[in-house]
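run_18.txt follows; it contains compact mmCIF, C-alpha atoms (C1' of nucleotides).
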# COMPACT_ATOMS: atom_id res chain seq x y z
CA MET A 1 -35.67 -124.17 -127.90
CA ASP A 2 -39.31 -124.73 -128.85
CA THR A 3 -38.87 -124.48 -132.56
CA ASP A 4 -41.98 -126.61 -133.02
CA ASP A 5 -40.21 -128.90 -135.40
CA GLU A 6 -42.46 -130.99 -137.59
CA LEU A 7 -39.61 -132.76 -139.31
CA THR A 8 -40.53 -136.30 -140.05
CA ILE A 9 -38.30 -139.09 -141.27
CA ASP A 10 -39.75 -140.75 -144.30
CA ALA A 11 -38.16 -143.56 -146.24
CA PRO A 12 -36.13 -141.43 -148.66
CA HIS A 13 -34.66 -139.44 -145.79
CA ARG A 14 -33.78 -142.58 -143.91
CA GLU A 15 -32.17 -144.13 -146.95
CA LEU A 16 -30.16 -140.98 -147.60
CA LEU A 17 -28.95 -140.70 -144.04
CA ASP A 18 -28.14 -144.40 -144.02
CA GLN A 19 -25.85 -143.88 -146.98
CA ILE A 20 -24.04 -140.94 -145.46
CA LEU A 21 -23.92 -141.83 -141.80
CA ASP A 22 -22.86 -145.40 -142.29
CA LYS A 23 -19.88 -147.14 -140.78
CA TRP A 24 -17.13 -145.49 -142.86
CA SER A 25 -18.69 -142.51 -144.60
CA LEU A 26 -18.29 -140.16 -141.68
CA SER A 27 -14.58 -140.87 -141.40
CA ILE A 28 -14.04 -140.55 -145.13
CA LEU A 29 -15.97 -137.32 -145.43
CA ASN A 30 -14.23 -135.93 -142.40
CA GLU A 31 -10.92 -136.74 -144.04
CA LEU A 32 -11.81 -135.37 -147.47
CA CYS A 33 -13.13 -132.19 -145.91
CA GLU A 34 -9.58 -131.37 -144.94
CA ARG A 35 -7.84 -132.26 -148.18
CA PRO A 36 -8.23 -134.29 -151.36
CA CYS A 37 -6.88 -137.79 -150.93
CA ARG A 38 -5.73 -140.67 -153.03
CA PHE A 39 -7.12 -144.11 -152.46
CA ASN A 40 -4.26 -145.43 -150.39
CA GLU A 41 -3.99 -142.21 -148.45
CA LEU A 42 -7.49 -142.84 -147.26
CA ARG A 43 -6.60 -146.39 -146.35
CA ARG A 44 -3.75 -145.15 -144.24
CA ALA A 45 -5.89 -142.45 -142.67
CA ILE A 46 -8.54 -145.01 -141.76
CA PRO A 47 -6.55 -148.15 -141.13
CA GLN A 48 -9.46 -150.36 -140.09
CA VAL A 49 -11.29 -150.15 -143.39
CA THR A 50 -10.71 -152.86 -145.98
CA GLN A 51 -10.19 -152.18 -149.68
CA LYS A 52 -13.56 -153.58 -150.46
CA SER A 53 -15.47 -151.50 -147.96
CA LEU A 54 -13.52 -148.39 -148.84
CA THR A 55 -14.22 -148.82 -152.54
CA ALA A 56 -17.89 -149.49 -151.90
CA THR A 57 -18.27 -146.51 -149.62
CA LEU A 58 -16.44 -144.18 -152.00
CA ARG A 59 -18.67 -145.30 -154.86
CA ARG A 60 -21.77 -144.69 -152.83
CA LEU A 61 -20.63 -141.25 -151.75
CA GLU A 62 -19.74 -140.45 -155.34
CA ARG A 63 -23.15 -141.59 -156.51
CA ASN A 64 -24.78 -139.28 -154.00
CA GLY A 65 -22.75 -136.41 -155.36
CA VAL A 66 -20.88 -135.55 -152.18
CA ILE A 67 -17.43 -136.59 -153.41
CA GLU A 68 -15.71 -136.63 -156.79
CA ARG A 69 -13.38 -139.17 -158.33
CA GLU A 70 -10.67 -137.95 -160.65
CA VAL A 71 -8.45 -140.39 -162.51
CA VAL A 72 -5.00 -139.09 -163.38
CA SER A 73 -3.74 -141.25 -166.22
CA THR A 74 -0.13 -141.37 -165.22
CA ARG A 75 1.90 -144.51 -164.81
CA PRO A 76 0.70 -146.17 -162.69
CA VAL A 77 -2.67 -144.50 -162.47
CA ALA A 78 -3.41 -142.11 -159.67
CA VAL A 79 -6.93 -141.52 -158.39
CA ARG A 80 -7.77 -138.56 -156.35
CA TYR A 81 -10.94 -138.14 -154.34
CA ARG A 82 -12.20 -134.77 -153.30
CA ILE A 83 -15.23 -133.31 -151.63
CA THR A 84 -17.79 -131.57 -153.86
CA PRO A 85 -19.61 -128.32 -153.08
CA LEU A 86 -22.60 -130.42 -152.16
CA GLY A 87 -20.40 -132.51 -149.92
CA LYS A 88 -19.09 -129.41 -148.20
CA THR A 89 -22.58 -128.63 -146.97
CA LEU A 90 -22.23 -131.79 -144.91
CA ARG A 91 -19.37 -130.41 -142.93
CA HIS A 92 -21.50 -128.48 -140.49
CA PRO A 93 -23.86 -131.37 -139.70
CA ILE A 94 -20.89 -133.68 -139.26
CA ASP A 95 -19.09 -131.24 -137.00
CA VAL A 96 -22.17 -130.81 -134.87
CA LEU A 97 -22.43 -134.56 -134.55
CA LEU A 98 -18.80 -135.14 -133.67
CA THR A 99 -18.80 -132.27 -131.24
CA TRP A 100 -21.85 -133.69 -129.56
CA ALA A 101 -20.22 -137.10 -129.32
CA ALA A 102 -17.02 -135.68 -127.88
CA GLN A 103 -18.83 -133.56 -125.32
CA ASN A 104 -21.27 -136.18 -124.14
CA MET A 105 -19.17 -139.28 -124.23
CA PRO A 106 -18.44 -139.16 -120.49
CA ALA A 107 -22.10 -138.77 -119.59
CA ILE A 108 -22.99 -141.63 -121.92
CA GLU A 109 -20.38 -143.84 -120.37
CA ARG A 110 -21.71 -143.14 -116.91
CA ALA A 111 -25.21 -143.93 -118.08
CA ARG A 112 -24.05 -147.22 -119.53
CA GLU A 113 -22.31 -148.22 -116.34
CA GLY A 114 -25.38 -147.47 -114.28
CA PHE A 115 -27.58 -149.41 -116.65
CA ASP A 116 -25.25 -152.38 -116.84
CA ALA A 117 -24.74 -152.46 -113.08
CA ARG A 118 -28.48 -152.98 -112.67
CA GLY A 119 -28.27 -155.91 -115.04
CA GLU A 120 -31.35 -154.68 -116.89
CA GLY A 121 -29.93 -155.60 -120.24
CA ALA A 122 -27.59 -158.43 -119.50
CA ASP A 123 -27.57 -159.45 -123.12
CA LEU A 124 -26.85 -156.14 -124.76
CA MET B 1 -15.83 -121.70 -141.69
CA ASP B 2 -12.20 -122.61 -141.32
CA THR B 3 -12.42 -123.77 -137.77
CA ASP B 4 -9.39 -125.98 -138.32
CA ASP B 5 -11.22 -128.99 -137.08
CA GLU B 6 -9.05 -131.80 -135.87
CA LEU B 7 -11.94 -133.96 -134.89
CA THR B 8 -11.14 -137.56 -135.46
CA ILE B 9 -13.43 -140.52 -135.30
CA ASP B 10 -12.01 -143.17 -133.06
CA ALA B 11 -13.67 -146.43 -132.22
CA PRO B 12 -15.65 -145.24 -129.18
CA HIS B 13 -17.07 -142.33 -131.15
CA ARG B 14 -18.01 -144.58 -134.02
CA GLU B 15 -19.68 -147.04 -131.70
CA LEU B 16 -21.61 -144.29 -129.99
CA LEU B 17 -22.80 -142.74 -133.21
CA ASP B 18 -23.71 -146.17 -134.53
CA GLN B 19 -25.98 -146.67 -131.57
CA ILE B 20 -27.71 -143.36 -131.94
CA LEU B 21 -27.85 -142.88 -135.68
CA ASP B 22 -28.99 -146.37 -136.49
CA LYS B 23 -31.99 -147.38 -138.51
CA TRP B 24 -34.71 -146.49 -135.98
CA SER B 25 -33.12 -144.35 -133.30
CA LEU B 26 -33.45 -141.11 -135.19
CA SER B 27 -37.18 -141.58 -135.70
CA ILE B 28 -37.71 -142.61 -132.10
CA LEU B 29 -35.71 -139.74 -130.66
CA ASN B 30 -37.40 -137.31 -133.00
CA GLU B 31 -40.75 -138.57 -131.74
CA LEU B 32 -39.83 -138.53 -128.06
CA CYS B 33 -38.42 -135.04 -128.39
CA GLU B 34 -41.97 -133.84 -128.97
CA ARG B 35 -43.74 -135.79 -126.27
CA PRO B 36 -43.41 -138.80 -124.02
CA CYS B 37 -44.85 -141.89 -125.66
CA ARG B 38 -46.09 -145.31 -124.71
CA PHE B 39 -44.76 -148.36 -126.46
CA ASN B 40 -47.63 -148.78 -128.86
CA GLU B 41 -47.82 -145.07 -129.54
CA LEU B 42 -44.33 -145.32 -130.89
CA ARG B 43 -45.28 -148.31 -132.99
CA ARG B 44 -48.11 -146.33 -134.52
CA ALA B 45 -45.90 -143.30 -135.04
CA ILE B 46 -43.30 -145.45 -136.81
CA PRO B 47 -45.37 -148.12 -138.49
CA GLN B 48 -42.48 -149.88 -140.27
CA VAL B 49 -40.66 -150.89 -137.13
CA THR B 50 -41.30 -154.33 -135.66
CA GLN B 51 -41.82 -154.99 -131.95
CA LYS B 52 -38.49 -156.66 -131.72
CA SER B 53 -36.54 -153.86 -133.33
CA LEU B 54 -38.44 -151.22 -131.41
CA THR B 55 -37.76 -152.95 -128.10
CA ALA B 56 -34.10 -153.43 -128.94
CA THR B 57 -33.65 -149.85 -130.02
CA LEU B 58 -35.43 -148.48 -126.97
CA ARG B 59 -33.25 -150.59 -124.69
CA ARG B 60 -30.12 -149.37 -126.37
CA LEU B 61 -31.18 -145.75 -126.16
CA GLU B 62 -32.07 -146.26 -122.52
CA ARG B 63 -28.70 -147.82 -121.86
CA ASN B 64 -27.00 -144.82 -123.39
CA GLY B 65 -28.98 -142.57 -121.09
CA VAL B 66 -30.81 -140.60 -123.74
CA ILE B 67 -34.28 -141.91 -122.95
CA GLU B 68 -36.04 -143.11 -119.81
CA ARG B 69 -38.42 -145.98 -119.26
CA GLU B 70 -41.12 -145.61 -116.65
CA VAL B 71 -43.38 -148.51 -115.79
CA VAL B 72 -46.79 -147.54 -114.49
CA SER B 73 -48.11 -150.57 -112.63
CA THR B 74 -51.73 -150.24 -113.57
CA ARG B 75 -53.82 -152.96 -115.08
CA PRO B 76 -52.63 -153.78 -117.66
CA VAL B 77 -49.24 -152.21 -117.29
CA ALA B 78 -48.45 -148.98 -119.01
CA VAL B 79 -44.94 -148.06 -120.02
CA ARG B 80 -43.99 -144.57 -120.88
CA TYR B 81 -40.81 -143.53 -122.62
CA ARG B 82 -39.47 -140.04 -122.38
CA ILE B 83 -36.39 -138.16 -123.43
CA THR B 84 -33.82 -137.38 -120.74
CA PRO B 85 -31.92 -134.12 -120.32
CA LEU B 86 -28.96 -135.83 -121.96
CA GLY B 87 -31.21 -136.93 -124.78
CA LYS B 88 -32.43 -133.40 -125.29
CA THR B 89 -28.94 -132.32 -126.18
CA LEU B 90 -29.33 -134.54 -129.22
CA ARG B 91 -32.15 -132.49 -130.57
CA HIS B 92 -29.97 -129.88 -132.20
CA PRO B 93 -27.68 -132.37 -133.96
CA ILE B 94 -30.70 -134.29 -135.17
CA ASP B 95 -32.43 -131.17 -136.41
CA VAL B 96 -29.32 -130.09 -138.27
CA LEU B 97 -29.15 -133.50 -139.89
CA LEU B 98 -32.79 -133.64 -140.90
CA THR B 99 -32.72 -130.10 -142.16
CA TRP B 100 -29.69 -130.92 -144.25
CA ALA B 101 -31.41 -133.98 -145.67
CA ALA B 102 -34.56 -132.06 -146.50
CA GLN B 103 -32.69 -129.22 -148.16
CA ASN B 104 -30.30 -131.31 -150.21
CA MET B 105 -32.49 -134.21 -151.20
CA PRO B 106 -33.20 -132.74 -154.67
CA ALA B 107 -29.52 -132.17 -155.39
CA ILE B 108 -28.71 -135.68 -154.22
CA GLU B 109 -31.38 -137.14 -156.44
CA ARG B 110 -30.01 -135.30 -159.43
CA ALA B 111 -26.52 -136.53 -158.64
CA ARG B 112 -27.77 -140.09 -158.45
CA GLU B 113 -29.53 -139.87 -161.78
CA GLY B 114 -26.42 -138.49 -163.44
CA PHE B 115 -24.28 -141.20 -161.93
CA ASP B 116 -26.67 -143.99 -162.80
CA ALA B 117 -27.16 -142.71 -166.33
CA ARG B 118 -23.44 -143.13 -166.94
CA GLY B 119 -23.73 -146.71 -165.77
CA GLU B 120 -20.66 -146.29 -163.61
CA GLY B 121 -22.17 -148.26 -160.81
CA ALA B 122 -24.49 -150.68 -162.52
CA ASP B 123 -24.51 -152.90 -159.49
CA LEU B 124 -25.21 -150.40 -156.76
C1' DC C 1 -50.63 -153.61 -123.10
C1' DG C 2 -45.86 -154.41 -123.59
C1' DG C 3 -43.22 -157.23 -124.21
C1' DT C 4 -40.04 -162.51 -124.89
C1' DA C 5 -38.71 -166.41 -127.48
C1' DT C 6 -37.56 -168.69 -131.85
C1' DC C 7 -36.61 -169.19 -136.30
C1' DC C 8 -34.83 -167.54 -140.55
C1' DT C 9 -32.66 -164.85 -144.19
C1' DA C 10 -30.38 -161.09 -146.55
C1' DC C 11 -26.63 -158.59 -146.66
C1' DA C 12 -22.76 -155.92 -144.69
C1' DC C 13 -18.23 -156.78 -143.95
C1' DG C 14 -13.72 -159.12 -143.65
C1' DA C 15 -10.04 -162.20 -145.69
C1' DT C 16 -7.70 -163.52 -149.50
C1' DA C 17 -6.19 -163.78 -154.17
C1' DC C 18 -5.61 -161.71 -158.52
C1' DT C 19 -5.22 -157.64 -162.28
C1' DG C 20 -4.42 -153.50 -165.64
C1' DC D 1 -1.47 -147.86 -157.38
C1' DA D 2 -6.14 -148.75 -157.34
C1' DG D 3 -8.82 -151.55 -157.74
C1' DT D 4 -12.03 -156.42 -159.04
C1' DA D 5 -13.38 -161.22 -157.93
C1' DT D 6 -14.66 -164.80 -154.86
C1' DC D 7 -15.67 -166.88 -150.72
C1' DG D 8 -17.11 -167.18 -145.99
C1' DT D 9 -19.31 -165.37 -141.70
C1' DG D 10 -21.93 -162.61 -138.12
C1' DT D 11 -25.53 -160.44 -137.29
C1' DA D 12 -29.16 -156.95 -137.83
C1' DG D 13 -33.57 -157.29 -138.38
C1' DG D 14 -38.20 -159.36 -140.16
C1' DA D 15 -42.04 -162.97 -139.36
C1' DT D 16 -44.44 -165.46 -136.20
C1' DA D 17 -45.99 -167.28 -131.93
C1' DC D 18 -46.61 -166.95 -127.18
C1' DC D 19 -46.83 -164.68 -122.16
C1' DG D 20 -47.64 -161.91 -117.59

Show me this structure written as structure tokens.
Amino acid sequence: MDTDDELTIDAPHRELLDQILDKWSLSILNELCERPCRFNELRRAIPQVTQKSLTATLRRLERNGVIEREVVSTRPVAVRYRITPLGKTLRHPIDVLLTWAAQNMPAIERAREGFDARGEGADL
Amino acid sequence: MDTDDELTIDAPHRELLDQILDKWSLSILNELCERPCRFNELRRAIPQVTQKSLTATLRRLERNGVIEREVVSTRPVAVRYRITPLGKTLRHPIDVLLTWAAQNMPAIERAREGFDARGEGADL
DNA sequence: CGGTATCCTACACGATACTG
DNA sequence: CAGTATCGTGTAGGATACCG
């Protein structure tokens, strides 16, 4: 437990994590880890996301090399997104994160209630 | 590797992760995992953060029960922040994340260059 | 020292309309 | 189907000043 970790978080790391842990990326990656998806499949899988945000997020993930965009020139066009080998290396970190969230959600909720009951952050 | 993960990301999970993986939380938690810190120690450790953002982030982390705030009523007051047992459970997820970032940064940078060179996202 | 209180601005994000 | 274009808004977060 005392792995003496000297990991720091410099700007490039922060920027990278911002691009991959942002509002929609986690859901998209989680989805694409299970199977390749077309654009509208993703929309249905993540109903809250708008076209615009989905497009933007997909582009960003593609730019970072974690997903791939393949255009099938049928009629009408089909576009299929899939995870890349690099993207697959994200699966473990994401799983760890989601598992943590699932396991600790109750404790977090209790903590919030206690905090809020004391009115220490009435404006949060 | 085929753990058949059916982890989904519903709103509460997303909200929770947003509060803990946001711009400054990772740096703060990473710092507090190593030692308790006073307010201005944290500012020095993370020079880019402003007072306002640091205060806000600390409050949010406190609300979620992952850090503790102890006021030492000396003259002038001292305030010491420390990680809680619940917060310590975050160390592994964070380490996994930072390790991933460190290991894959070069690959990501190459992917970005390739993408940008093709001009596919001239406006990103 | 460890914060609040204001003010301000960029940008993330949603809503809506249109297109090859 | 898979986007692009345009507009409008909320708000995260920086700059600055002040306080117990």

When you look at stretch 43-60 of chain B with a cut-off of 8 Å (counting only C-alpha atoms (C1' of nucleotides)), what residues show up, excluding the ones that are within fewer than 6 positions of it in the same chain? I need them as JSON, numbers by chain.
{"A": [121, 124], "B": [19, 24, 25, 27, 28, 31, 67], "C": [3], "D": [13, 14]}

Store the residues picked out above, limited to C-alpha atoms (C1' of nucleotides), as a PDB file, in the coordinates of the input.
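Resulting contents of selection_26.pdb:
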ATOM      1  CA  GLY A 121     -29.930-155.600-120.240  1.00  0.00           C
ATOM      2  CA  LEU A 124     -26.850-156.140-124.760  1.00  0.00           C
TER       3      LEU A 124
ATOM      4  CA  GLN B  19     -25.980-146.670-131.570  1.00  0.00           C
ATOM      5  CA  TRP B  24     -34.710-146.490-135.980  1.00  0.00           C
ATOM      6  CA  SER B  25     -33.120-144.350-133.300  1.00  0.00           C
ATOM      7  CA  SER B  27     -37.180-141.580-135.700  1.00  0.00           C
ATOM      8  CA  ILE B  28     -37.710-142.610-132.100  1.00  0.00           C
ATOM      9  CA  GLU B  31     -40.750-138.570-131.740  1.00  0.00           C
ATOM     10  CA  ILE B  67     -34.280-141.910-122.950  1.00  0.00           C
TER      11      ILE B  67
ATOM     12  C1'  DG C   3     -43.220-157.230-124.210  1.00  0.00           C
TER      13       DG C   3
ATOM     14  C1'  DG D  13     -33.570-157.290-138.380  1.00  0.00           C
ATOM     15  C1'  DG D  14     -38.200-159.360-140.160  1.00  0.00           C
TER      16       DG D  14
END

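Atom CA of B:Trp100 lies 10.5 Å from atom CA of A:Ile94.
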
Would you tabulate, counting all atoms listed in the file, all residues of chain C that have an atom at most 10 Å from an atom of chain B, showing the closest pair of atoms and their distance in Å to one decimal, sorted by chain then ascending number, as a Markdown table?
| residue | atom | partner | partner_atom | distance |
| --- | --- | --- | --- | --- |
| C:DC1 | C1' | B:Pro76 | CA | 5.8 |
| C:DG2 | C1' | B:Phe39 | CA | 6.8 |
| C:DG3 | C1' | B:Thr55 | CA | 8.0 |
| C:DT4 | C1' | B:Lys52 | CA | 9.1 |

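Reported to one decimal place, the separation of atom CA of B:Asp116 from atom CA of A:Leu42 is 24.7 Å.
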
Quick one: distance from atom C1' of C:DC18 to atom C1' of D:DT4 in Å, one decimal?
8.3 Å

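Proximity to chain B at a cut-off of 6 Å picks out Arg63, Asn64, Gly65, Pro93, Val96, Leu97, Ile108, Ala111, Arg112 and Phe115 of chain A on chain A, counting only C-alpha atoms.
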
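With all atoms listed in the file taken into account, the protein and nucleic acid residues at most 12 Å from C:DC11 (excluding it and anything under 6 positions from it in its own chain) are DT9, DG10, DT11, DA12 and DG13 of chain D.
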
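In this structure, the chain D residues at most 9 Å away from chain A are DC1, DA2 and DG3 of chain D, with only C-alpha atoms (C1' of nucleotides) considered.
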
Got a sec: who's within 12 Å of C:DA17, counting all atoms listed in the file, leaving out chain neighbours fewer than 3 positions off, as number ranges by chain?
D: 4-7

Those selected residues, please, written with C-alpha atoms (C1' of nucleotides) and delivered as a short mmCIF file (atom, residue, chain, number, x, y, z; two decimals), in the coordinates of the input.
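Saved file result_28.cif follows:
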data_model
loop_
_atom_site.label_atom_id
_atom_site.label_comp_id
_atom_site.auth_asym_id
_atom_site.auth_seq_id
_atom_site.Cartn_x
_atom_site.Cartn_y
_atom_site.Cartn_z
"C1'" DT D 4 -12.03 -156.42 -159.04
"C1'" DA D 5 -13.38 -161.22 -157.93
"C1'" DT D 6 -14.66 -164.80 -154.86
"C1'" DC D 7 -15.67 -166.88 -150.72
#

Take the point (-35.8, -139.4, -122.7) as written in the file and pick out every residue within 7 Å of it, counting all atoms listed in the file; give the list as a list in words.
Leu32, Val66, Ile67, Glu68, Tyr81, Arg82, Ile83, Thr84, Pro85 and Gly87 of chain B

Would you pull stretch 37-47 of chain A out of the block just shown and save all heavy atoms as a PDB file, in the first residue's frame?
ATOM      1  N   CYS A  37     -19.923   0.377 -32.984  1.00  0.00           N
ATOM      2  CA  CYS A  37     -21.242   0.989 -33.056  1.00  0.00           C
ATOM      3  C   CYS A  37     -21.317   1.993 -34.183  1.00  0.00           C
ATOM      4  O   CYS A  37     -20.332   2.650 -34.513  1.00  0.00           O
ATOM      5  CB  CYS A  37     -21.560   1.721 -31.750  1.00  0.00           C
ATOM      6  SG  CYS A  37     -22.143   0.691 -30.417  1.00  0.00           S
ATOM      7  N   ARG A  38     -22.496   2.116 -34.732  1.00  0.00           N
ATOM      8  CA  ARG A  38     -22.746   3.198 -35.672  1.00  0.00           C
ATOM      9  C   ARG A  38     -23.151   4.428 -34.884  1.00  0.00           C
ATOM     10  O   ARG A  38     -23.485   4.338 -33.704  1.00  0.00           O
ATOM     11  CB  ARG A  38     -23.864   2.783 -36.629  1.00  0.00           C
ATOM     12  CG  ARG A  38     -23.649   1.413 -37.192  1.00  0.00           C
ATOM     13  CD  ARG A  38     -23.788   1.294 -38.660  1.00  0.00           C
ATOM     14  NE  ARG A  38     -24.567   2.340 -39.303  1.00  0.00           N
ATOM     15  CZ  ARG A  38     -25.502   2.089 -40.204  1.00  0.00           C
ATOM     16  NH1 ARG A  38     -25.795   0.840 -40.503  1.00  0.00           N
ATOM     17  NH2 ARG A  38     -26.123   3.083 -40.805  1.00  0.00           N
ATOM     18  N   PHE A  39     -23.141   5.543 -35.602  1.00  0.00           N
ATOM     19  CA  PHE A  39     -23.417   6.821 -34.944  1.00  0.00           C
ATOM     20  C   PHE A  39     -24.729   6.799 -34.165  1.00  0.00           C
ATOM     21  O   PHE A  39     -24.768   7.098 -32.968  1.00  0.00           O
ATOM     22  CB  PHE A  39     -23.437   7.944 -35.983  1.00  0.00           C
ATOM     23  CG  PHE A  39     -23.539   9.309 -35.403  1.00  0.00           C
ATOM     24  CD1 PHE A  39     -22.421   9.956 -34.897  1.00  0.00           C
ATOM     25  CD2 PHE A  39     -24.762   9.971 -35.343  1.00  0.00           C
ATOM     26  CE1 PHE A  39     -22.500  11.231 -34.365  1.00  0.00           C
ATOM     27  CE2 PHE A  39     -24.856  11.241 -34.800  1.00  0.00           C
ATOM     28  CZ  PHE A  39     -23.734  11.874 -34.316  1.00  0.00           C
ATOM     29  N   ASN A  40     -25.787   6.416 -34.845  1.00  0.00           N
ATOM     30  CA  ASN A  40     -27.091   6.460 -34.181  1.00  0.00           C
ATOM     31  C   ASN A  40     -27.288   5.356 -33.150  1.00  0.00           C
ATOM     32  O   ASN A  40     -28.119   5.483 -32.249  1.00  0.00           O
ATOM     33  CB  ASN A  40     -28.214   6.440 -35.219  1.00  0.00           C
ATOM     34  CG  ASN A  40     -28.387   7.807 -35.856  1.00  0.00           C
ATOM     35  OD1 ASN A  40     -28.207   8.827 -35.195  1.00  0.00           O
ATOM     36  ND2 ASN A  40     -28.706   7.840 -37.141  1.00  0.00           N
ATOM     37  N   GLU A  41     -26.506   4.312 -33.268  1.00  0.00           N
ATOM     38  CA  GLU A  41     -26.524   3.308 -32.203  1.00  0.00           C
ATOM     39  C   GLU A  41     -26.006   3.922 -30.910  1.00  0.00           C
ATOM     40  O   GLU A  41     -26.562   3.689 -29.824  1.00  0.00           O
ATOM     41  CB  GLU A  41     -25.636   2.117 -32.582  1.00  0.00           C
ATOM     42  CG  GLU A  41     -26.270   1.146 -33.554  1.00  0.00           C
ATOM     43  CD  GLU A  41     -25.367  -0.050 -33.777  1.00  0.00           C
ATOM     44  OE1 GLU A  41     -24.286   0.115 -34.385  1.00  0.00           O
ATOM     45  OE2 GLU A  41     -25.729  -1.145 -33.341  1.00  0.00           O
ATOM     46  N   LEU A  42     -24.963   4.698 -31.062  1.00  0.00           N
ATOM     47  CA  LEU A  42     -24.413   5.360 -29.879  1.00  0.00           C
ATOM     48  C   LEU A  42     -25.417   6.344 -29.289  1.00  0.00           C
ATOM     49  O   LEU A  42     -25.570   6.428 -28.070  1.00  0.00           O
ATOM     50  CB  LEU A  42     -23.109   6.087 -30.233  1.00  0.00           C
ATOM     51  CG  LEU A  42     -21.896   5.185 -30.402  1.00  0.00           C
ATOM     52  CD1 LEU A  42     -20.715   5.965 -30.960  1.00  0.00           C
ATOM     53  CD2 LEU A  42     -21.517   4.560 -29.058  1.00  0.00           C
ATOM     54  N   ARG A  43     -26.087   7.064 -30.170  1.00  0.00           N
ATOM     55  CA  ARG A  43     -27.102   8.002 -29.670  1.00  0.00           C
ATOM     56  C   ARG A  43     -28.161   7.275 -28.860  1.00  0.00           C
ATOM     57  O   ARG A  43     -28.589   7.751 -27.812  1.00  0.00           O
ATOM     58  CB  ARG A  43     -27.778   8.728 -30.829  1.00  0.00           C
ATOM     59  CG  ARG A  43     -26.884   9.742 -31.510  1.00  0.00           C
ATOM     60  CD  ARG A  43     -27.709  10.631 -32.417  1.00  0.00           C
ATOM     61  NE  ARG A  43     -28.515  11.576 -31.651  1.00  0.00           N
ATOM     62  CZ  ARG A  43     -29.401  12.409 -32.179  1.00  0.00           C
ATOM     63  NH1 ARG A  43     -29.599  12.377 -33.476  1.00  0.00           N
ATOM     64  NH2 ARG A  43     -30.077  13.231 -31.432  1.00  0.00           N
ATOM     65  N   ARG A  44     -28.579   6.127 -29.369  1.00  0.00           N
ATOM     66  CA  ARG A  44     -29.599   5.387 -28.643  1.00  0.00           C
ATOM     67  C   ARG A  44     -29.053   4.816 -27.339  1.00  0.00           C
ATOM     68  O   ARG A  44     -29.754   4.755 -26.332  1.00  0.00           O
ATOM     69  CB  ARG A  44     -30.154   4.263 -29.523  1.00  0.00           C
ATOM     70  CG  ARG A  44     -31.181   4.755 -30.526  1.00  0.00           C
ATOM     71  CD  ARG A  44     -31.849   3.601 -31.254  1.00  0.00           C
ATOM     72  NE  ARG A  44     -30.919   2.875 -32.109  1.00  0.00           N
ATOM     73  CZ  ARG A  44     -30.640   3.196 -33.372  1.00  0.00           C
ATOM     74  NH1 ARG A  44     -31.204   4.250 -33.903  1.00  0.00           N
ATOM     75  NH2 ARG A  44     -29.800   2.486 -34.083  1.00  0.00           N
ATOM     76  N   ALA A  45     -27.797   4.413 -27.374  1.00  0.00           N
ATOM     77  CA  ALA A  45     -27.195   3.839 -26.169  1.00  0.00           C
ATOM     78  C   ALA A  45     -26.987   4.900 -25.093  1.00  0.00           C
ATOM     79  O   ALA A  45     -27.024   4.612 -23.898  1.00  0.00           O
ATOM     80  CB  ALA A  45     -25.864   3.173 -26.511  1.00  0.00           C
ATOM     81  N   ILE A  46     -26.797   6.128 -25.519  1.00  0.00           N
ATOM     82  CA  ILE A  46     -26.559   7.229 -24.590  1.00  0.00           C
ATOM     83  C   ILE A  46     -27.534   8.339 -24.938  1.00  0.00           C
ATOM     84  O   ILE A  46     -27.173   9.337 -25.541  1.00  0.00           O
ATOM     85  CB  ILE A  46     -25.112   7.747 -24.719  1.00  0.00           C
ATOM     86  CG1 ILE A  46     -24.138   6.575 -24.699  1.00  0.00           C
ATOM     87  CG2 ILE A  46     -24.777   8.729 -23.604  1.00  0.00           C
ATOM     88  CD1 ILE A  46     -22.774   6.912 -25.225  1.00  0.00           C
ATOM     89  N   PRO A  47     -28.774   8.173 -24.509  1.00  0.00           N
ATOM     90  CA  PRO A  47     -29.856   9.023 -25.008  1.00  0.00           C
ATOM     91  C   PRO A  47     -29.692  10.501 -24.680  1.00  0.00           C
ATOM     92  O   PRO A  47     -30.197  11.350 -25.398  1.00  0.00           O
ATOM     93  CB  PRO A  47     -31.093   8.463 -24.293  1.00  0.00           C
ATOM     94  CG  PRO A  47     -30.694   7.115 -23.794  1.00  0.00           C
ATOM     95  CD  PRO A  47     -29.234   7.202 -23.525  1.00  0.00           C
TER      96      PRO A  47
END
